[in-house]
file structure04.pdb (PDB, C-alpha atoms and all ligand atoms)
ATOM      1  CA  MET A   1      31.090  72.618  46.856
ATOM      2  CA  SER A   2      34.508  71.257  47.564
ATOM      3  CA  ASN A   3      35.967  73.309  44.718
ATOM      4  CA  GLU A   4      34.212  76.399  46.115
ATOM      5  CA  MET A   5      35.775  75.854  49.515
ATOM      6  CA  ASN A   6      39.221  75.392  48.003
ATOM      7  CA  ARG A   7      38.868  78.610  46.077
ATOM      8  CA  ARG A   8      37.796  80.479  49.194
ATOM      9  CA  ASP A   9      40.644  78.987  51.152
ATOM     10  CA  PHE A  10      43.091  79.958  48.453
ATOM     11  CA  LEU A  11      41.783  83.536  48.329
ATOM     12  CA  GLY A  12      41.889  83.753  52.126
ATOM     13  CA  TRP A  13      45.472  82.539  52.266
ATOM     14  CA  SER A  14      46.476  84.869  49.455
ATOM     15  CA  PHE A  15      45.026  87.941  51.159
ATOM     16  CA  GLY A  16      46.566  86.860  54.447
ATOM     17  CA  ALA A  17      50.002  86.502  52.850
ATOM     18  CA  VAL A  18      49.773  89.930  51.190
ATOM     19  CA  ALA A  19      48.662  91.499  54.473
ATOM     20  CA  ALA A  20      51.547  89.822  56.375
ATOM     21  CA  VAL A  21      54.134  91.059  53.865
ATOM     22  CA  GLY A  22      52.677  94.567  54.038
ATOM     23  CA  ALA A  23      52.704  94.560  57.838
ATOM     24  CA  GLY A  24      56.316  93.340  57.878
ATOM     25  CA  ALA A  25      57.398  96.038  55.434
ATOM     26  CA  SER A  26      55.625  98.676  57.538
ATOM     27  CA  LEU A  27      57.402  97.514  60.708
ATOM     28  CA  VAL A  28      60.810  97.625  58.990
ATOM     29  CA  ALA A  29      60.090 101.151  57.711
ATOM     30  CA  MET A  30      58.953 102.273  61.176
ATOM     31  CA  LYS A  31      62.084 100.881  62.840
ATOM     32  CA  GLN A  32      64.326 102.631  60.302
ATOM     33  CA  SER A  33      62.613 105.931  61.027
ATOM     34  CA  TRP A  34      63.082 105.476  64.808
ATOM     35  CA  ASP A  35      66.763 104.446  64.697
ATOM     36  CA  PRO A  36      69.312 107.262  64.942
ATOM     37  CA  LEU A  37      70.974 108.182  61.662
ATOM     38  CA  PRO A  38      74.510 106.823  61.141
ATOM     39  CA  SER A  39      75.822 110.397  61.273
ATOM     40  CA  VAL A  40      74.227 110.853  64.701
ATOM     41  CA  LEU A  41      75.666 107.589  65.986
ATOM     42  CA  SER A  42      79.192 108.396  64.814
ATOM     43  CA  ALA A  43      78.972 111.894  66.345
ATOM     44  CA  GLY A  44      78.971 110.258  69.777
ATOM     45  CA  PHE A  45      82.545 109.025  69.393
ATOM     46  CA  THR A  46      85.758 111.008  69.171
ATOM     47  CA  LYS A  47      89.070 109.365  68.309
ATOM     48  CA  VAL A  48      92.262 110.770  69.793
ATOM     49  CA  ASP A  49      95.770 109.824  68.700
ATOM     50  CA  LEU A  50      97.634 109.797  72.014
ATOM     51  CA  THR A  51     101.067 109.929  70.356
ATOM     52  CA  THR A  52     100.439 113.576  69.456
ATOM     53  CA  ALA A  53     100.098 114.600  73.132
ATOM     54  CA  GLU A  54     103.089 116.565  74.447
ATOM     55  CA  PRO A  55     104.449 115.431  77.819
ATOM     56  CA  GLY A  56     103.362 117.767  80.616
ATOM     57  CA  ASN A  57     101.219 119.970  78.387
ATOM     58  CA  PRO A  58      97.556 118.921  78.176
ATOM     59  CA  SER A  59      95.818 119.117  74.858
ATOM     60  CA  LEU A  60      92.161 119.954  74.473
ATOM     61  CA  VAL A  61      89.710 117.956  72.409
ATOM     62  CA  THR A  62      85.960 118.237  72.235
ATOM     63  CA  TRP A  63      83.627 115.328  72.838
ATOM     64  CA  ARG A  64      79.863 115.777  72.656
ATOM     65  CA  GLY A  65      80.369 119.504  73.134
ATOM     66  CA  LYS A  66      82.460 119.073  76.292
ATOM     67  CA  PRO A  67      86.119 120.031  76.705
ATOM     68  CA  ILE A  68      88.343 117.016  77.315
ATOM     69  CA  PHE A  69      91.874 117.420  78.680
ATOM     70  CA  VAL A  70      94.409 114.846  77.506
ATOM     71  CA  LEU A  71      97.603 114.997  79.570
ATOM     72  CA  ARG A  72     100.609 112.857  78.751
ATOM     73  CA  LYS A  73     102.372 112.651  82.077
ATOM     74  CA  THR A  74     106.029 113.432  82.563
ATOM     75  CA  LYS A  75     108.223 110.989  84.486
ATOM     76  CA  GLU A  76     108.111 113.372  87.456
ATOM     77  CA  MET A  77     104.331 113.315  87.714
ATOM     78  CA  GLU A  78     102.917 110.965  90.312
ATOM     79  CA  GLU A  79     101.292 107.726  89.103
ATOM     80  CA  SER A  80      97.604 107.210  89.747
ATOM     81  CA  ASP A  81      94.860 104.585  89.466
ATOM     82  CA  ARG A  82      93.283 107.022  87.021
ATOM     83  CA  ASP A  83      96.203 106.770  84.589
ATOM     84  CA  ILE A  84      95.659 105.303  81.149
ATOM     85  CA  VAL A  85      98.737 103.375  80.040
ATOM     86  CA  ALA A  86      99.408 103.179  76.325
ATOM     87  CA  ASN A  87     102.659 102.266  74.637
ATOM     88  CA  GLY A  88     104.510 102.551  77.948
ATOM     89  CA  GLU A  89     103.323 106.142  78.532
ATOM     90  CA  ARG A  90     100.875 107.362  81.178
ATOM     91  CA  TYR A  91      97.971 109.646  80.354
ATOM     92  CA  ILE A  92      95.229 111.384  82.256
ATOM     93  CA  VAL A  93      92.029 112.037  80.323
ATOM     94  CA  VAL A  94      89.384 114.091  82.105
ATOM     95  CA  ILE A  95      86.354 116.204  81.317
ATOM     96  CA  GLY A  96      87.563 119.794  81.571
ATOM     97  CA  LEU A  97      84.691 121.061  83.679
ATOM     98  CA  CYS A  98      85.240 121.949  87.326
ATOM     99  CA  THR A  99      83.258 119.636  89.576
ATOM    100  CA  HIS A 100      82.178 122.603  91.715
ATOM    101  CA  LEU A 101      80.034 124.636  89.315
ATOM    102  CA  GLY A 102      81.309 123.694  85.885
ATOM    103  CA  CYS A 103      83.881 126.358  84.949
ATOM    104  CA  ILE A 104      86.765 125.315  82.697
ATOM    105  CA  PRO A 105      90.005 125.139  84.697
ATOM    106  CA  ALA A 106      93.266 126.332  83.167
ATOM    107  CA  TRP A 107      96.585 124.437  83.300
ATOM    108  CA  LYS A 108      99.218 126.391  85.226
ATOM    109  CA  LYS A 109     102.482 124.900  86.479
ATOM    110  CA  ASP A 110     101.281 121.271  86.638
ATOM    111  CA  VAL A 111      97.952 122.184  88.260
ATOM    112  CA  TRP A 112      94.511 122.821  86.794
ATOM    113  CA  LYS A 113      93.287 126.031  88.417
ATOM    114  CA  CYS A 114      89.689 127.097  88.316
ATOM    115  CA  ALA A 115      89.349 130.880  88.140
ATOM    116  CA  CYS A 116      85.728 130.917  89.306
ATOM    117  CA  HIS A 117      86.217 130.079  92.991
ATOM    118  CA  GLY A 118      89.878 129.097  93.252
ATOM    119  CA  GLY A 119      89.520 125.312  93.010
ATOM    120  CA  GLU A 120      92.608 123.317  92.057
ATOM    121  CA  PHE A 121      93.232 119.847  90.635
ATOM    122  CA  ASP A 122      96.568 118.060  90.410
ATOM    123  CA  SER A 123      97.925 116.243  87.352
ATOM    124  CA  ASN A 124      95.726 113.226  88.206
ATOM    125  CA  GLY A 125      92.656 115.459  88.076
ATOM    126  CA  THR A 126      92.217 115.089  91.837
ATOM    127  CA  GLN A 127      90.894 118.112  93.699
ATOM    128  CA  THR A 128      93.578 119.534  96.008
ATOM    129  CA  PHE A 129      92.215 122.933  97.006
ATOM    130  CA  GLY A 130      89.024 124.945  97.211
ATOM    131  CA  PRO A 131      85.368 123.994  96.828
ATOM    132  CA  PRO A 132      85.413 121.224  94.159
ATOM    133  CA  PRO A 133      83.797 118.190  95.833
ATOM    134  CA  ARG A 134      85.431 115.484  93.713
ATOM    135  CA  PRO A 135      88.092 114.879  91.055
ATOM    136  CA  LEU A 136      87.574 115.911  87.462
ATOM    137  CA  ASP A 137      85.312 113.358  85.827
ATOM    138  CA  ILE A 138      86.701 110.781  83.425
ATOM    139  CA  PRO A 139      84.771 110.436  80.173
ATOM    140  CA  PRO A 140      83.843 106.950  78.965
ATOM    141  CA  PHE A 141      86.622 105.698  76.730
ATOM    142  CA  SER A 142      88.163 102.644  75.149
ATOM    143  CA  ILE A 143      91.719 102.246  74.013
ATOM    144  CA  SER A 144      93.246 100.340  71.140
ATOM    145  CA  GLY A 145      97.014 100.702  70.807
ATOM    146  CA  THR A 146      97.549 104.445  71.090
ATOM    147  CA  THR A 147      94.103 105.406  69.820
ATOM    148  CA  LEU A 148      91.624 106.550  72.427
ATOM    149  CA  THR A 149      87.944 106.470  71.556
ATOM    150  CA  LEU A 150      85.848 108.804  73.670
ATOM    151  CA  GLY A 151      82.249 107.744  74.147
ATOM    152  CA  GLU A 152      82.904 104.008  74.181
ATOM    153  CA  GLU A 153      83.222 102.151  77.510
ATOM    154  CA  GLY A 154      86.222  99.825  77.328
ATOM    155  CA  PRO A 155      87.625  97.539  80.061
ATOM    156  CA  GLU A 156      90.217 100.156  81.108
ATOM    157  CA  TYR A 157      87.449 102.669  81.760
ATOM    158  CA  GLN A 158      85.422 100.077  83.707
ATOM    159  CA  LYS A 159      88.488  99.296  85.839
ATOM    160  CA  ILE A 160      89.072 102.962  86.710
ATOM    161  CA  LEU A 161      85.397 103.281  87.663
ATOM    162  CA  ALA A 162      85.564 100.152  89.826
ATOM    163  CA  ASP A 163      88.797 101.303  91.508
ATOM    164  CA  SER A 164      87.365 104.739  92.274
ATOM    165  CA  ALA A 165      84.190 103.162  93.703
ATOM    166  CA  THR A 166      86.224 101.091  96.175
ATOM    167  CA  ALA A 167      88.680 103.880  97.093
TER
HETATM  168 FE1  LIG B   1      85.506 125.804  89.923
HETATM  169 FE2  LIG B   1      83.804 126.910  91.624
HETATM  170  S1  LIG B   1      83.457 126.408  89.563
HETATM  171  S2  LIG B   1      85.860 126.321  91.973
END
call {"tool": "encode", "arguments": {"input": "structure04.pdb", "output": "structure tokens"}}
result
Amino acid sequence: MSNEMNRRDFLGWSFGAVAAVGAGASLVAMKQSWDPLPSVLSAGFTKVDLTTAEPGNPSLVTWRGKPIFVLRKTKEMEESDRDIVANGERYIVVIGLCTHLGCIPAWKKDVWKCACHGGEFDSNGTQTFGPPPRPLDIPPFSISGTTLTLGEEGPEYQKILADSATA
């Protein structure tokens, strides 16, 4: 009788262990199928080498399908709380979509001009004329040396957000 019980116990434990391993493997497989693919994750970030930006002439990069203006400021351009400082140079990085209705402004004589309804933004991305209700938006970024990573919220980005919230 005692031997019979031990055998039953052993079989019970064995089936339980097999079932637990199977359940664990199923959960791991399910999680892997839910997680975004590495290619999808990396597509959310865009690296920009700031040293290639020409002073006073914004370059255009694309991040998550949006135009991003990267302006290396000239010495004559006014400083701003929105500036990103890297290697002693000042940069403005903004999403190139007008904050009125989303047209793409064009850079003309140190001003971004929106052809749709005449809105204008200065070299800080601040609205100075027309219907835009707020400055050009700043994309989330982090900075390491002179490499800007769009899509990653670094302390410099958090500071600009905090400063604009209190302004
Ligand atoms: Fe730019 Fe209207 S969309 S001013």
call {"tool": "closest_atom_pairs", "arguments": {"input": "structure04.pdb", "of": "chain A", "to": "ligand LIG 1 (chain B)", "cutoff": "12 Å", "atoms": "all atoms listed in the file", "output": "Markdown table"}}
result
| residue | atom | partner | partner_atom | distance |
| --- | --- | --- | --- | --- |
| A:Gly96 | CA | B:LIG1 | FE1 | 10.5 |
| A:Leu97 | CA | B:LIG1 | FE1 | 7.9 |
| A:Cys98 | CA | B:LIG1 | FE1 | 4.7 |
| A:Thr99 | CA | B:LIG1 | FE1 | 6.6 |
| A:His100 | CA | B:LIG1 | S1 | 4.6 |
| A:Leu101 | CA | B:LIG1 | S1 | 3.9 |
| A:Gly102 | CA | B:LIG1 | S1 | 5.1 |
| A:Cys103 | CA | B:LIG1 | S1 | 4.6 |
| A:Ile104 | CA | B:LIG1 | FE1 | 7.4 |
| A:Pro105 | CA | B:LIG1 | FE1 | 6.9 |
| A:Ala106 | CA | B:LIG1 | FE1 | 10.3 |
| A:Trp112 | CA | B:LIG1 | FE1 | 10.0 |
| A:Lys113 | CA | B:LIG1 | FE1 | 7.9 |
| A:Cys114 | CA | B:LIG1 | FE1 | 4.7 |
| A:Ala115 | CA | B:LIG1 | FE1 | 6.6 |
| A:Cys116 | CA | B:LIG1 | FE2 | 5.0 |
| A:His117 | CA | B:LIG1 | S2 | 3.9 |
| A:Gly118 | CA | B:LIG1 | S2 | 5.0 |
| A:Gly119 | CA | B:LIG1 | S2 | 3.9 |
| A:Glu120 | CA | B:LIG1 | S2 | 7.4 |
| A:Phe121 | CA | B:LIG1 | FE1 | 9.8 |
| A:Gln127 | CA | B:LIG1 | S2 | 9.8 |
| A:Thr128 | CA | B:LIG1 | S2 | 11.0 |
| A:Phe129 | CA | B:LIG1 | S2 | 8.8 |
| A:Gly130 | CA | B:LIG1 | S2 | 6.3 |
| A:Pro131 | CA | B:LIG1 | S2 | 5.4 |
| A:Pro132 | CA | B:LIG1 | S2 | 5.6 |
| A:Pro133 | CA | B:LIG1 | S2 | 9.2 |
| A:Arg134 | CA | B:LIG1 | S2 | 11.0 |
| A:Pro135 | CA | B:LIG1 | FE1 | 11.3 |
| A:Leu136 | CA | B:LIG1 | FE1 | 10.4 |
call {"tool": "residues_around", "arguments": {"input": "structure04.pdb", "residues": "region 151-156 of chain A", "least_positions_apart": "2", "cutoff": "9 Å", "atoms": "only C-alpha atoms", "output": "PyMOL selection string"}}
result
chain A and resi 44-46+63-64+84+139-143+149+158-161
call {"tool": "atom_distance", "arguments": {"input": "structure04.pdb", "atom1": "CA of Ser59 (chain A)", "atom2": "CA of Ala162 (chain A)"}}
result
26.2 Å
call {"tool": "atom_distance", "arguments": {"input": "structure04.pdb", "atom1": "CA of Asn57 (chain A)", "atom2": "CA of Glu78 (chain A)"}}
result
15.0 Å
call {"tool": "resolve_selection", "arguments": {"input": "structure04.pdb", "expression": "the PyMOL selection byres (((chain A and resi 53-55) around 8) and not hetatm)", "output": "MDAnalysis selection string"}}
result
chainID A and resid 49:52 56:59 70:74
call {"tool": "atom_distance", "arguments": {"input": "structure04.pdb", "atom1": "CA of Ala167 (chain A)", "atom2": "CA of Arg82 (chain A)"}}
result
11.5 Å
call {"tool": "closest_residue", "arguments": {"input": "structure04.pdb", "among": "A:Ala165, A:Leu27, A:Leu60, A:Val85", "to": "Trp107 (chain A)", "atoms": "all atoms listed in the file"}}
result
A:Leu60
call {"tool": "closest_residue", "arguments": {"input": "structure04.pdb", "among": "A:Gly145, A:Gly12, A:Gly125, A:Gly24", "to": "Ile68 (chain A)", "atoms": "all atoms listed in the file"}}
result
A:Gly125
call {"tool": "axis_aligned_box", "arguments": {"input": "structure04.pdb", "around": "region 67-76 of chain A", "padding_each_side": "5 Å", "output": "lines of an AutoDock Vina configuration file"}}
result
center_x = 97.2
center_y = 115.5
center_z = 82.1
size_x = 32.1
size_y = 19.0
size_z = 20.8
call {"tool": "closest_residue", "arguments": {"input": "structure04.pdb", "among": "A:Asn124, A:Ala29, A:Ala23, A:Ser14", "to": "Asp83 (chain A)", "atoms": "all atoms listed in the file"}}
result
A:Asn124
call {"tool": "closest_residue", "arguments": {"input": "structure04.pdb", "among": "A:Thr62, A:Asn87, A:Ser26, A:Ser164", "to": "Thr126 (chain A)", "atoms": "all atoms listed in the file"}}
result
A:Ser164
call {"tool": "closest_residue", "arguments": {"input": "structure04.pdb", "among": "A:Lys47, A:Val61, A:Glu79, A:Phe10", "to": "Ile92 (chain A)", "atoms": "all atoms listed in the file"}}
result
A:Glu79
call {"tool": "build_atoms", "arguments": {"input": "structure04.pdb", "residues": "region 139-160 of chain A", "atoms": "N, CA and C atoms", "output": "CSV table (one decimal), in the coordinates of the input"}}
result
chain,number,residue,atom,x,y,z
A,139,PRO,N,85.8,110.8,81.2
A,139,PRO,CA,84.8,110.4,80.2
A,139,PRO,C,84.9,109.0,79.8
A,140,PRO,N,83.8,108.3,79.4
A,140,PRO,CA,83.8,107.0,79.0
A,140,PRO,C,84.8,106.8,77.8
A,141,PHE,N,85.7,105.8,77.8
A,141,PHE,CA,86.6,105.7,76.7
A,141,PHE,C,87.0,104.2,76.5
A,142,SER,N,87.5,103.9,75.4
A,142,SER,CA,88.2,102.6,75.1
A,142,SER,C,89.5,103.0,74.5
A,143,ILE,N,90.4,102.0,74.6
A,143,ILE,CA,91.7,102.2,74.0
A,143,ILE,C,92.1,101.1,73.2
A,144,SER,N,92.7,101.4,72.0
A,144,SER,CA,93.2,100.3,71.1
A,144,SER,C,94.6,100.8,70.6
A,145,GLY,N,95.7,100.2,71.1
A,145,GLY,CA,97.0,100.7,70.8
A,145,GLY,C,97.2,102.1,71.4
A,146,THR,N,97.4,103.1,70.6
A,146,THR,CA,97.5,104.4,71.1
A,146,THR,C,96.4,105.3,70.6
A,147,THR,N,95.3,104.6,70.2
A,147,THR,CA,94.1,105.4,69.8
A,147,THR,C,93.0,105.3,70.9
A,148,LEU,N,92.7,106.5,71.4
A,148,LEU,CA,91.6,106.6,72.4
A,148,LEU,C,90.3,106.9,71.7
A,149,THR,N,89.3,106.1,72.1
A,149,THR,CA,87.9,106.5,71.6
A,149,THR,C,87.1,107.0,72.7
A,150,LEU,N,86.7,108.2,72.6
A,150,LEU,CA,85.8,108.8,73.7
A,150,LEU,C,84.4,108.5,73.3
A,151,GLY,N,83.7,108.1,74.4
A,151,GLY,CA,82.2,107.7,74.1
A,151,GLY,C,82.0,106.3,74.1
A,152,GLU,N,83.1,105.5,74.2
A,152,GLU,CA,82.9,104.0,74.2
A,152,GLU,C,83.5,103.5,75.5
A,153,GLU,N,82.7,102.6,76.2
A,153,GLU,CA,83.2,102.2,77.5
A,153,GLU,C,84.0,100.9,77.3
A,154,GLY,N,85.3,101.0,77.4
A,154,GLY,CA,86.2,99.8,77.3
A,154,GLY,C,86.6,99.3,78.7
A,155,PRO,N,87.3,98.2,78.8
A,155,PRO,CA,87.6,97.5,80.1
A,155,PRO,C,88.5,98.4,80.9
A,156,GLU,N,89.4,99.3,80.3
A,156,GLU,CA,90.2,100.2,81.1
A,156,GLU,C,89.4,101.2,81.8
A,157,TYR,N,88.4,101.7,81.1
A,157,TYR,CA,87.4,102.7,81.8
A,157,TYR,C,86.7,102.0,82.9
A,158,GLN,N,86.2,100.8,82.7
A,158,GLN,CA,85.4,100.1,83.7
A,158,GLN,C,86.3,99.8,84.9
A,159,LYS,N,87.6,99.6,84.7
A,159,LYS,CA,88.5,99.3,85.8
A,159,LYS,C,88.7,100.6,86.7
A,160,ILE,N,88.9,101.7,86.0
A,160,ILE,CA,89.1,103.0,86.7
A,160,ILE,C,87.8,103.3,87.5
